[in-house]
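Text of run-v4.txt, listed as compact mmCIF, C-alpha atoms:
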# COMPACT_ATOMS: atom_id res chain seq x y z
CA MET Q 1 102.56 100.64 -63.61
CA SER Q 2 102.90 99.94 -67.30
CA LEU Q 3 100.54 101.16 -69.94
CA LEU Q 4 99.43 97.62 -70.61
CA SER Q 5 98.72 97.01 -67.01
CA ASN Q 6 96.67 100.18 -66.79
CA ARG Q 7 94.69 99.13 -69.81
CA LEU Q 8 94.08 95.74 -68.33
CA LYS Q 9 92.79 97.29 -65.15
CA GLY Q 10 90.57 99.55 -67.15
CA PHE Q 11 89.25 96.81 -69.34
CA TRP Q 12 88.53 94.34 -66.58
CA ARG Q 13 86.98 96.18 -63.73
CA GLY Q 14 85.79 93.98 -60.97
CA PRO Q 15 82.71 92.32 -59.67
CA GLY Q 16 79.49 94.21 -59.41
CA SER Q 17 80.25 96.48 -62.31
CA SER Q 18 77.87 95.09 -64.84
CA VAL Q 19 74.40 96.14 -65.77
CA GLU Q 20 72.02 94.37 -68.05
CA ALA Q 21 71.23 96.35 -71.17
CA ALA Q 22 69.63 95.88 -74.53
CA SER Q 23 69.33 99.19 -76.31
CA PRO Q 24 70.85 100.13 -79.66
CA ALA Q 25 73.45 102.84 -80.13
CA ASN Q 26 75.56 104.41 -82.84
CA GLY Q 27 77.86 102.86 -85.46
CA GLY Q 28 81.60 103.34 -85.88
CA GLY Q 29 84.54 103.30 -88.27
CA VAL Q 30 86.84 100.55 -89.44
CA PRO Q 31 90.50 101.17 -88.59
CA GLN Q 32 93.44 99.36 -90.15
CA ARG Q 33 95.00 96.48 -88.28
CA PRO Q 34 98.64 96.64 -87.33
CA ALA Q 35 100.44 93.37 -86.74
CA PRO Q 36 100.09 91.63 -83.41
CA ARG Q 37 102.91 92.12 -81.01
CA PRO Q 38 103.19 89.10 -78.78
CA GLY Q 39 105.84 88.45 -76.22
CA ARG Q 40 105.01 90.90 -73.48
CA LYS Q 41 105.18 89.67 -69.96
CA GLU Q 42 102.02 87.95 -68.86
CA GLU Q 43 99.77 89.95 -66.58
CA LEU Q 44 96.94 88.47 -64.61
CA GLU Q 45 93.58 89.73 -63.50
CA VAL Q 46 90.71 87.96 -61.83
CA ARG Q 47 87.17 89.20 -62.27
CA GLN Q 48 83.59 88.15 -61.93
CA SER Q 49 81.71 87.60 -65.15
CA ARG Q 50 77.94 87.66 -65.27
CA GLY Q 51 78.08 86.46 -68.83
CA LEU Q 52 79.98 83.38 -67.80
CA GLU Q 53 77.61 82.79 -64.91
CA GLN Q 54 74.63 83.02 -67.23
CA PHE Q 55 76.27 80.81 -69.84
CA PHE Q 56 76.86 77.92 -67.47
CA GLY Q 57 73.65 78.64 -65.59
CA SER Q 58 71.84 77.83 -68.80
CA PHE Q 59 73.25 74.32 -68.67
CA ARG Q 60 72.65 73.71 -65.00
CA GLY Q 61 71.74 70.13 -64.19
CA GLN Q 62 72.86 68.84 -67.57
CA ALA Q 63 75.86 66.74 -68.46
CA GLY Q 64 77.31 65.27 -71.58
CA LEU Q 65 77.00 68.50 -73.55
CA SER Q 66 79.42 69.56 -76.25
CA ILE Q 67 81.19 72.83 -75.45
CA LEU Q 68 83.49 74.51 -77.96
CA ASP Q 69 86.19 76.84 -76.65
CA LEU Q 70 87.58 79.13 -79.34
CA GLY Q 71 90.29 80.53 -77.11
CA GLY Q 72 92.66 77.59 -77.46
CA ALA Q 73 93.10 74.88 -74.91
CA SER Q 74 93.89 75.87 -71.35
CA GLN Q 75 94.23 73.48 -68.47
CA GLU Q 76 91.73 75.40 -66.36
CA ASN Q 77 89.00 75.42 -68.98
CA ILE Q 78 89.48 71.76 -69.78
CA ASN Q 79 89.31 70.86 -66.10
CA PHE Q 80 86.28 73.00 -65.45
CA ILE Q 81 84.22 71.92 -68.42
CA THR Q 82 85.05 68.23 -68.18
CA SER Q 83 84.41 68.29 -64.43
CA LEU Q 84 80.83 69.29 -65.24
CA GLY Q 85 80.60 66.15 -67.34
CA HIS Q 86 80.74 67.90 -70.68
CA LYS Q 87 82.83 67.14 -73.71
CA PHE Q 88 85.41 69.82 -74.41
CA TYR Q 89 86.29 70.95 -77.91
CA SER Q 90 89.16 73.27 -78.57
CA GLU Q 91 89.99 75.63 -81.40
CA ASP Q 92 92.83 78.09 -81.30
CA PHE Q 93 90.81 80.51 -83.32
CA LEU Q 94 93.12 83.52 -83.25
CA ARG Q 95 96.12 81.44 -84.18
CA ILE Q 96 94.32 80.13 -87.26
CA PHE Q 97 93.10 83.64 -87.96
CA GLN Q 98 96.63 84.98 -87.84
CA GLU Q 99 98.02 82.13 -89.91
CA THR Q 100 95.34 82.61 -92.54
CA PHE Q 101 95.21 86.36 -92.89
CA GLY Q 102 98.31 87.71 -91.23
CA ASP Q 103 98.06 91.48 -91.50
CA ASP Q 104 96.17 91.45 -94.76
CA VAL Q 105 92.94 93.21 -93.91
CA ALA Q 106 91.67 93.15 -97.51
CA ASP Q 107 91.98 89.37 -97.58
CA GLN Q 108 89.26 89.18 -94.95
CA SER Q 109 86.77 90.23 -97.60
CA ASN Q 110 87.89 87.60 -100.10
CA PRO Q 111 85.19 84.89 -100.23
CA GLY Q 112 87.70 82.19 -101.08
CA ARG Q 113 89.91 83.08 -98.14
CA ILE Q 114 86.92 83.33 -95.83
CA ASP Q 115 85.82 79.89 -96.90
CA TYR Q 116 89.32 78.52 -96.35
CA PHE Q 117 89.50 80.08 -92.91
CA LEU Q 118 86.17 78.65 -91.85
CA ARG Q 119 87.18 75.22 -93.07
CA GLN Q 120 90.29 75.45 -90.95
CA SER Q 121 88.63 76.77 -87.84
CA LEU Q 122 84.98 75.74 -87.75
CA GLU Q 123 84.66 72.60 -89.84
CA TYR Q 124 82.05 70.81 -87.76
CA THR Q 125 78.80 69.11 -88.46
CA ASP Q 126 75.65 71.15 -88.23
CA GLU Q 127 74.10 71.53 -84.78
CA GLN Q 128 77.03 69.90 -83.00
CA PHE Q 129 77.53 72.24 -80.04
CA ASP Q 130 75.40 73.06 -77.06
CA GLY Q 131 77.63 75.96 -76.12
CA VAL Q 132 80.39 78.06 -77.65
CA LEU Q 133 82.85 80.13 -75.65
CA ALA Q 134 84.01 82.71 -78.16
CA TRP Q 135 85.61 85.04 -75.60
CA ASP Q 136 86.89 88.08 -77.50
CA VAL Q 137 88.03 86.41 -80.71
CA LEU Q 138 85.27 87.80 -82.90
CA GLU Q 139 86.17 91.41 -82.45
CA TYR Q 140 89.41 91.17 -84.39
CA MET Q 141 87.62 90.55 -87.66
CA GLU Q 142 86.59 92.70 -90.55
CA PRO Q 143 82.84 92.84 -91.29
CA ALA Q 144 82.67 90.32 -94.14
CA LEU Q 145 84.65 87.70 -92.27
CA LEU Q 146 82.83 88.40 -89.03
CA SER Q 147 79.45 87.99 -90.63
CA ALA Q 148 80.45 84.70 -92.27
CA THR Q 149 81.86 83.48 -88.97
CA ALA Q 150 78.68 84.34 -87.09
CA ASP Q 151 76.68 82.44 -89.70
CA ARG Q 152 78.96 79.42 -89.35
CA LEU Q 153 78.71 79.52 -85.57
CA LEU Q 154 74.96 79.60 -85.85
CA ARG Q 155 75.11 76.56 -88.08
CA VAL Q 156 77.28 74.44 -85.81
CA MET Q 157 75.25 75.26 -82.71
CA LYS Q 158 72.32 73.19 -81.60
CA PRO Q 159 68.91 74.81 -81.28
CA GLN Q 160 68.72 76.41 -77.82
CA GLY Q 161 72.52 76.45 -77.71
CA TYR Q 162 74.32 79.42 -76.17
CA LEU Q 163 77.29 81.48 -77.24
CA LEU Q 164 79.31 83.77 -75.00
CA ALA Q 165 81.38 86.54 -76.55
CA PHE Q 166 83.10 89.65 -75.25
CA PHE Q 167 83.37 92.93 -77.06
CA ARG Q 168 85.15 96.05 -76.04
CA SER Q 169 82.81 98.79 -77.05
CA ASP Q 170 83.89 102.18 -78.19
CA ASP Q 171 87.60 101.59 -77.99
CA ARG Q 172 89.16 103.81 -80.63
CA GLU Q 173 92.77 103.02 -79.90
CA LYS Q 174 94.90 101.37 -82.54
CA THR Q 175 96.03 98.36 -80.57
CA ALA Q 176 94.55 96.40 -77.74
CA PRO Q 177 95.90 93.80 -75.38
CA TYR Q 178 94.89 90.28 -76.12
CA TYR Q 179 93.95 87.83 -73.48
CA ILE Q 180 93.62 84.24 -72.50
CA PHE Q 181 90.51 83.51 -70.49
CA ARG Q 182 90.73 80.87 -67.82
CA ILE Q 183 87.66 79.74 -65.96
CA GLN Q 184 88.11 79.63 -62.21
CA ASP Q 185 84.55 78.81 -61.26
CA LEU Q 186 81.03 79.39 -62.50
CA ARG Q 187 81.33 83.14 -62.32
CA THR Q 188 85.02 83.91 -62.08
CA LEU Q 189 87.56 84.34 -64.84
CA GLN Q 190 91.28 84.71 -64.69
CA ILE Q 191 92.40 86.86 -67.56
CA SER Q 192 96.00 86.76 -68.60
CA GLN Q 193 97.35 89.29 -70.99
CA HIS Q 194 99.82 88.08 -73.58
CA GLY Q 195 100.89 91.21 -75.38
CA GLU Q 196 99.08 93.40 -77.84
CA ARG Q 197 97.12 92.68 -80.95
CA ALA Q 198 95.66 94.98 -83.52
CA LEU Q 199 92.63 96.87 -82.41
CA PRO Q 200 89.25 95.36 -83.00
CA SER Q 201 88.74 96.24 -86.59
CA GLN Q 202 85.31 97.70 -86.05
CA LEU Q 203 83.45 99.24 -83.19
CA PHE Q 204 80.94 97.06 -81.44
CA ASN Q 205 78.06 99.10 -80.20
CA ASN Q 206 74.60 97.77 -79.50
CA ARG Q 207 73.29 98.21 -82.99
CA ARG Q 208 76.18 96.41 -84.61
CA LEU Q 209 75.99 93.56 -82.17
CA GLU Q 210 72.27 93.17 -82.64
CA LYS Q 211 72.80 93.08 -86.38
CA LEU Q 212 75.64 90.61 -86.07
CA PHE Q 213 73.54 88.19 -84.06
CA GLN Q 214 70.21 88.93 -85.69
CA LYS Q 215 69.74 85.34 -86.81
CA PHE Q 216 69.90 84.09 -83.23
CA GLN Q 217 66.73 83.85 -81.23
CA THR Q 218 67.75 85.90 -78.24
CA PHE Q 219 70.45 88.46 -77.66
CA LYS Q 220 71.42 89.80 -74.27
CA PHE Q 221 74.46 91.54 -72.99
CA PHE Q 222 75.92 92.77 -69.75
CA LEU Q 223 77.53 96.15 -70.09
CA THR Q 224 80.25 96.80 -67.56
CA ARG Q 225 81.20 100.22 -66.32
CA ASP Q 226 84.32 100.06 -68.42
CA ARG Q 227 82.05 99.53 -71.44
CA LEU Q 228 82.87 95.90 -72.03
CA ARG Q 229 79.94 93.98 -73.41
CA GLU Q 230 79.55 90.38 -72.33
CA VAL Q 231 77.17 89.04 -74.91
CA ILE Q 232 75.02 85.94 -74.57
CA VAL Q 233 73.08 84.75 -77.57
CA ARG Q 234 70.84 81.76 -77.93
CA LYS Q 235 70.14 79.94 -81.14
CA MET O 1 116.41 67.36 -75.36
CA GLU O 2 116.33 63.81 -74.05
CA PRO O 3 112.92 62.81 -72.76
CA GLU O 4 112.84 60.35 -69.94
CA SER O 5 111.42 57.56 -72.03
CA SER O 6 114.43 57.53 -74.31
CA ARG O 7 116.54 56.17 -71.52
CA GLY O 8 117.37 52.47 -71.35
CA GLY O 9 114.56 49.97 -71.44
CA SER O 10 112.44 51.58 -74.10
CA ALA O 11 112.34 51.37 -77.85
CA SER O 12 113.17 54.38 -79.90
CA ILE O 13 112.56 55.69 -83.39
CA GLY O 14 115.16 58.23 -84.31
CA LYS O 15 114.55 61.51 -85.99
CA ALA O 16 115.92 60.29 -89.32
CA VAL O 17 113.53 57.38 -89.50
CA LYS O 18 110.16 57.25 -91.20
CA ILE O 19 107.77 54.37 -90.70
CA VAL O 20 104.58 53.77 -92.61
CA GLY O 21 102.51 51.03 -91.08
CA GLN O 22 101.43 49.69 -87.75
CA ILE O 23 103.50 49.72 -84.62
CA PHE O 24 102.72 47.45 -81.70
CA SER O 25 104.93 47.57 -78.68
CA ARG O 26 105.05 45.95 -75.27
CA GLU O 27 107.57 48.38 -73.96
CA ASP O 28 107.75 52.14 -73.77
CA LEU O 29 108.39 53.83 -77.06
CA PHE O 30 110.04 57.10 -77.95
CA VAL O 31 109.27 58.47 -81.40
CA ASP O 32 111.40 61.28 -82.68
CA GLY O 33 110.93 60.46 -86.36
CA ASP O 34 107.93 60.22 -88.67
CA VAL O 35 105.22 57.64 -88.31
CA GLU O 36 102.17 57.19 -90.48
CA GLY O 37 99.67 54.51 -89.61
CA THR O 38 98.84 53.37 -86.11
CA ILE O 39 100.72 53.06 -82.85
CA GLU O 40 99.53 50.78 -80.09
CA LEU O 41 101.36 50.27 -76.84
CA VAL O 42 99.69 47.89 -74.46
CA ASP O 43 100.06 49.27 -70.96
CA HIS O 44 103.04 51.37 -71.88
CA LYS O 45 104.10 54.90 -72.39
CA LEU O 46 104.51 56.64 -75.74
CA THR O 47 106.60 59.76 -76.02
CA ILE O 48 106.57 61.84 -79.17
CA GLY O 49 109.84 63.70 -79.13
CA PRO O 50 110.32 67.29 -80.21
CA ASN O 51 111.18 66.18 -83.73
CA GLY O 52 108.49 63.54 -83.86
CA LYS O 53 105.69 63.73 -86.41
CA VAL O 54 102.99 61.17 -85.97
CA HIS O 55 100.15 60.93 -88.43
CA ALA O 56 98.52 58.02 -86.75
CA GLY O 57 95.89 56.82 -84.40
CA VAL O 58 97.56 56.31 -81.05
CA LYS O 59 96.65 54.01 -78.19
CA ALA O 60 98.78 53.77 -75.07
CA ARG O 61 98.61 53.84 -71.31
CA GLU O 62 100.31 57.20 -71.21
CA VAL O 63 101.19 59.66 -73.95
CA VAL O 64 103.65 62.52 -73.73
CA ALA O 65 103.63 64.87 -76.69
CA LEU O 66 106.48 67.22 -77.40
CA GLY O 67 106.19 67.08 -81.17
CA VAL O 68 103.33 66.73 -83.60
CA ILE O 69 100.45 64.27 -83.47
CA GLN O 70 97.76 64.25 -86.08
CA GLY O 71 95.27 61.58 -85.24
CA ASN O 72 93.06 60.39 -82.44
CA VAL O 73 94.67 59.53 -79.14
CA ASP O 74 93.45 57.02 -76.61
CA ALA O 75 95.58 57.33 -73.48
CA SER O 76 94.03 55.15 -70.83
CA GLU O 77 95.77 56.85 -67.91
CA ARG O 78 96.94 60.26 -69.00
CA ILE O 79 98.17 62.49 -71.75
CA ASP O 80 100.69 65.23 -71.31
CA ILE O 81 100.83 67.88 -74.04
CA ARG O 82 103.92 69.99 -73.66
CA LYS O 83 104.47 73.62 -74.54
CA ASP O 84 105.58 73.36 -78.15
CA ALA O 85 103.56 70.31 -79.06
CA LYS O 86 100.86 70.29 -81.68
CA LEU O 87 98.00 67.84 -81.49
CA VAL O 88 95.15 67.69 -83.96
CA GLY O 89 92.69 64.96 -83.16
CA ASP O 90 90.27 63.71 -80.57
CA ILE O 91 91.53 62.63 -77.18
CA LYS O 92 90.09 60.01 -74.90
CA THR O 93 91.83 59.78 -71.57
CA ALA O 94 91.42 59.71 -67.82
CA ARG O 95 93.63 62.71 -67.23
CA ILE O 96 95.05 65.48 -69.35
CA VAL O 97 97.81 67.95 -68.71
CA ILE O 98 98.31 70.69 -71.27
CA GLU O 99 100.91 73.39 -71.05
CA ASP O 100 100.36 76.95 -72.18
CA GLY O 101 101.62 77.36 -75.70
CA ALA O 102 100.64 73.91 -76.84
CA TYR O 103 98.41 73.79 -79.88
CA PHE O 104 95.42 71.54 -79.59
CA LYS O 105 92.54 71.19 -81.99
CA GLY O 106 89.98 68.55 -81.30
CA SER O 107 87.85 67.17 -78.54
CA ILE O 108 88.56 65.77 -75.11
CA ASP O 109 86.60 62.96 -73.55
CA ILE O 110 87.50 62.27 -69.97
CA VAL O 111 86.91 58.64 -69.13
CA LYS O 112 87.50 57.05 -65.79
CA SER O 113 90.27 54.48 -65.65
CA GLU O 114 88.91 50.99 -65.79
CA PRO O 115 90.22 48.54 -63.23
CA LYS O 116 92.59 46.05 -64.77
CA VAL O 117 91.02 42.72 -65.60
CA THR O 118 92.91 39.64 -66.61
CA PRO O 119 91.88 38.91 -70.16
CA SER O 120 90.01 35.68 -70.60
CA GLN O 121 91.47 35.14 -74.03
CA PRO O 122 95.09 35.63 -74.92
CA ARG O 123 95.71 38.62 -77.09
CA PRO O 124 97.70 38.31 -80.26
CA GLN O 125 101.37 38.47 -79.40
CA PRO O 126 102.86 41.45 -81.13
CA ALA O 127 106.58 41.82 -81.33
CA ALA O 128 108.05 44.72 -79.46
CA ALA O 129 108.16 47.85 -81.54
CA VAL O 130 107.70 46.09 -84.84
CA ALA O 131 106.70 48.05 -87.88
CA THR O 132 104.19 46.16 -89.98
CA PRO O 133 103.73 47.42 -93.50
CA VAL O 134 100.15 48.21 -94.37
CA ALA O 135 98.53 47.29 -97.64
CA ALA O 136 98.58 49.21 -100.86
CA GLY O 137 101.81 50.94 -101.27
CA ALA O 138 102.77 51.11 -97.66
CA GLY O 139 106.04 50.08 -96.18
CA VAL O 140 109.03 51.26 -94.31
CA SER O 141 110.36 54.10 -96.32
CA ASP O 142 113.73 55.62 -96.52
CA ALA O 143 115.07 57.78 -93.80
CA LYS O 144 114.46 61.44 -94.09
CA HIS O 145 117.18 63.91 -93.43
Represent the structure contained in this file as structure tokens.
Amino acid sequence: MSLLSNRLKGFWRGPGSSVEAASPANGGGVPQRPAPRPGRKEELEVRQSRGLEQFFGSFRGQAGLSILDLGGASQENINFITSLGHKFYSEDFLRIFQETFGDDVADQSNPGRIDYFLRQSLEYTDEQFDGVLAWDVLEYMEPALLSATADRLLRVMKPQGYLLAFFRSDDREKTAPYYIFRIQDLRTLQISQHGERALPSQLFNNRRLEKLFQKFQTFKFFLTRDRLREVIVRK
Amino acid sequence: MEPESSRGGSASIGKAVKIVGQIFSREDLFVDGDVEGTIELVDHKLTIGPNGKVHAGVKAREVVALGVIQGNVDASERIDIRKDAKLVGDIKTARIVIEDGAYFKGSIDIVKSEPKVTPSQPRPQPAAAVATPVAAGAGVSDAKH
């Protein structure tokens, strides 16, 4: 089995592997970001996600909500979200991220470039969204850009709105597979791997995540055995 | 690549053609050139070819996108966004098919198809695939390429 496949198996462990947690931990370093390397053969994994279950559970019995998917448009997610009676919004966040910054890590601290990026990717009216599916897109960012993005997300979310994001925790490797997340049902995701992208530029332990989402009202995450954090925050 | 709608019986805008204005058509239309303005096909199918660049609001029974659309799309029956297509705008349709690799930025409103009703008043009679220049500096421009 290939290295990528092994990593995928390790990253996405299966159902029943998550525990609810909320305690802080240590900080970490900021590695450089090599260029993404797309084009590997797609690999698929199906797993249960308590974060996803909680996200949609929060909207149970409601329809006509506005849900923003930052992972780009996939047929499955469109079908699932619109079948619940919600309006689906799509942003291919990582594509815009790559087009804006390329491999220039320093540029992610440039206020002008950050502003440009946010205008390209999150130019919405205030309090527009009831829910945001961020998947793992936030973890590829440097601190200044990440912080500005979290602030913008907070702004475009409605009060009581929810955001779901995934963070690999103490992964110190230089590259990481990147994924497309397809919703199968309320608690099941199909994850397809589409090659490798630069490692998350910073480590996401509890303390960092709590700080990142400190302006949100509630912060909860499900820590899987393979140390993936499925984070749910509420505005 | 020769999309199905470019076969006989439908109007076509070639890849070296640029139109600025309004297009109304009562037959299927294949756009492989540039269009700025609006496109409205009553009960017909619009195909944006791989070279097509449409900066326009679009209204049709069915839309197939292989090229670029920047503008809102109202496809009463369905919209099909193919692998290398790029669509930036809000979509209102009864059914959407989107291939992996397509770029889409905007919103999707799924609306149920309304049963066809005979209109009580006759609609204005647009010519088939006629480009109507819009005001203020608009018009059919020269061919690109």
If the cut-off is 8 Å, can you tell me the residues of chain O near chain Q, counting all atoms listed in the file? I'd like them as a list of chain:residue names.
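Filtering chain O at 8 Å from chain Q with all atoms listed in the file gives O:Val97, O:Ile98, O:Glu99, O:Asp100, O:Ala102, O:Tyr103, O:Phe104, O:Lys105, O:Gly106, O:Ser107, O:Ile108, O:Asp109, O:Ile110.
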For the atom pair atom CA of Asp151 of chain Q and atom CA of Thr188 of chain Q, what is the interatomic distance in Å to one decimal place?
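Taking atom CA of Asp151 of chain Q as the start and atom CA of Thr188 of chain Q as the end point, the length is 28.9 Å.
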Record the distance separating atom CA of Gly112 of chain Q and atom CA of Phe97 of chain Q, expressed in Å with one decimal.
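The value is 14.3 Å.
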Point-to-point distance from atom CA of Gln217 of chain Q to atom CA of Arg113 of chain Q, Å rounded to tenths
28.7 Å
Give the answer as one residue: which of Q:Glu196, Q:Val231, Q:Ser49, Q:Glu123 has the shortest atom-to-atom distance to Leu138 of chain Q, using all atoms listed in the file?
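Smallest distance to Leu138 of chain Q is found for Q:Val231.
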Between Q:Leu145, Q:Ile232, Q:Leu203, Q:Leu209, which has the minimum distance to Phe55 of chain Q (counting all atoms listed in the file)?
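Of Q:Leu145, Q:Ile232, Q:Leu203, Q:Leu209, the one nearest Phe55 of chain Q, counting all atoms listed in the file, is Q:Ile232.
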Considering all atoms listed in the file, return as a ChimeraX atom specification whatever protein or nucleic-acid residues lie within 10 Å of segment 79-94 of chain O, sequence-local ones (same chain, fewer than 5 positions apart) excluded.
/Q:88-91 /O:45-74,99-114
Given only C-alpha atoms as the counted atoms, nearest of Q:Leu84, Q:Leu146, Q:Leu164, Q:Ile191 to Gln62 of chain Q:
Q:Leu84
Name the residues in contact with Lys235 of chain Q at a cut-off of 12 Å, using only C-alpha atoms, excluding same-chain residues fewer than 3 positions from it; report them as a list in words.
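Here the qualifying residues turn out to be Glu127, Phe129, Asp130, Gly131, Val132, Ala150, Asp151, Leu153, Leu154, Arg155, Val156, Met157, Lys158, Pro159, Gln160, Gly161, Tyr162, Leu163, Leu164, Phe213, Gln214, Lys215, Phe216, Gln217, Thr218, Phe219 and Ile232 of chain Q.
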Please produce a file of those selected residues containing C-alpha atoms, as a PDB file, in the frame of the given file.
ATOM      1  CA  GLU Q 127      74.100  71.530 -84.780  1.00  0.00           C
ATOM      2  CA  PHE Q 129      77.530  72.240 -80.040  1.00  0.00           C
ATOM      3  CA  ASP Q 130      75.400  73.060 -77.060  1.00  0.00           C
ATOM      4  CA  GLY Q 131      77.630  75.960 -76.120  1.00  0.00           C
ATOM      5  CA  VAL Q 132      80.390  78.060 -77.650  1.00  0.00           C
ATOM      6  CA  ALA Q 150      78.680  84.340 -87.090  1.00  0.00           C
ATOM      7  CA  ASP Q 151      76.680  82.440 -89.700  1.00  0.00           C
ATOM      8  CA  LEU Q 153      78.710  79.520 -85.570  1.00  0.00           C
ATOM      9  CA  LEU Q 154      74.960  79.600 -85.850  1.00  0.00           C
ATOM     10  CA  ARG Q 155      75.110  76.560 -88.080  1.00  0.00           C
ATOM     11  CA  VAL Q 156      77.280  74.440 -85.810  1.00  0.00           C
ATOM     12  CA  MET Q 157      75.250  75.260 -82.710  1.00  0.00           C
ATOM     13  CA  LYS Q 158      72.320  73.190 -81.600  1.00  0.00           C
ATOM     14  CA  PRO Q 159      68.910  74.810 -81.280  1.00  0.00           C
ATOM     15  CA  GLN Q 160      68.720  76.410 -77.820  1.00  0.00           C
ATOM     16  CA  GLY Q 161      72.520  76.450 -77.710  1.00  0.00           C
ATOM     17  CA  TYR Q 162      74.320  79.420 -76.170  1.00  0.00           C
ATOM     18  CA  LEU Q 163      77.290  81.480 -77.240  1.00  0.00           C
ATOM     19  CA  LEU Q 164      79.310  83.770 -75.000  1.00  0.00           C
ATOM     20  CA  PHE Q 213      73.540  88.190 -84.060  1.00  0.00           C
ATOM     21  CA  GLN Q 214      70.210  88.930 -85.690  1.00  0.00           C
ATOM     22  CA  LYS Q 215      69.740  85.340 -86.810  1.00  0.00           C
ATOM     23  CA  PHE Q 216      69.900  84.090 -83.230  1.00  0.00           C
ATOM     24  CA  GLN Q 217      66.730  83.850 -81.230  1.00  0.00           C
ATOM     25  CA  THR Q 218      67.750  85.900 -78.240  1.00  0.00           C
ATOM     26  CA  PHE Q 219      70.450  88.460 -77.660  1.00  0.00           C
ATOM     27  CA  ILE Q 232      75.020  85.940 -74.570  1.00  0.00           C
TER      28      ILE Q 232
END
Kindly indicate which residue among O:Asp43, O:Gly9, O:Arg95, O:Glu36 lies nearest to Gln22 of chain O, using all atoms listed in the file for the distances.
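Between O:Asp43, O:Gly9, O:Arg95, O:Glu36, the residue approaching Gln22 of chain O most closely is O:Glu36.
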For Val105 of chain Q, the nearest of the candidates Q:Leu65, Q:Met141, Q:Ala148, Q:Leu122, counting all atoms listed in the file:
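The answer is Q:Met141, which sits nearest to Val105 of chain Q.
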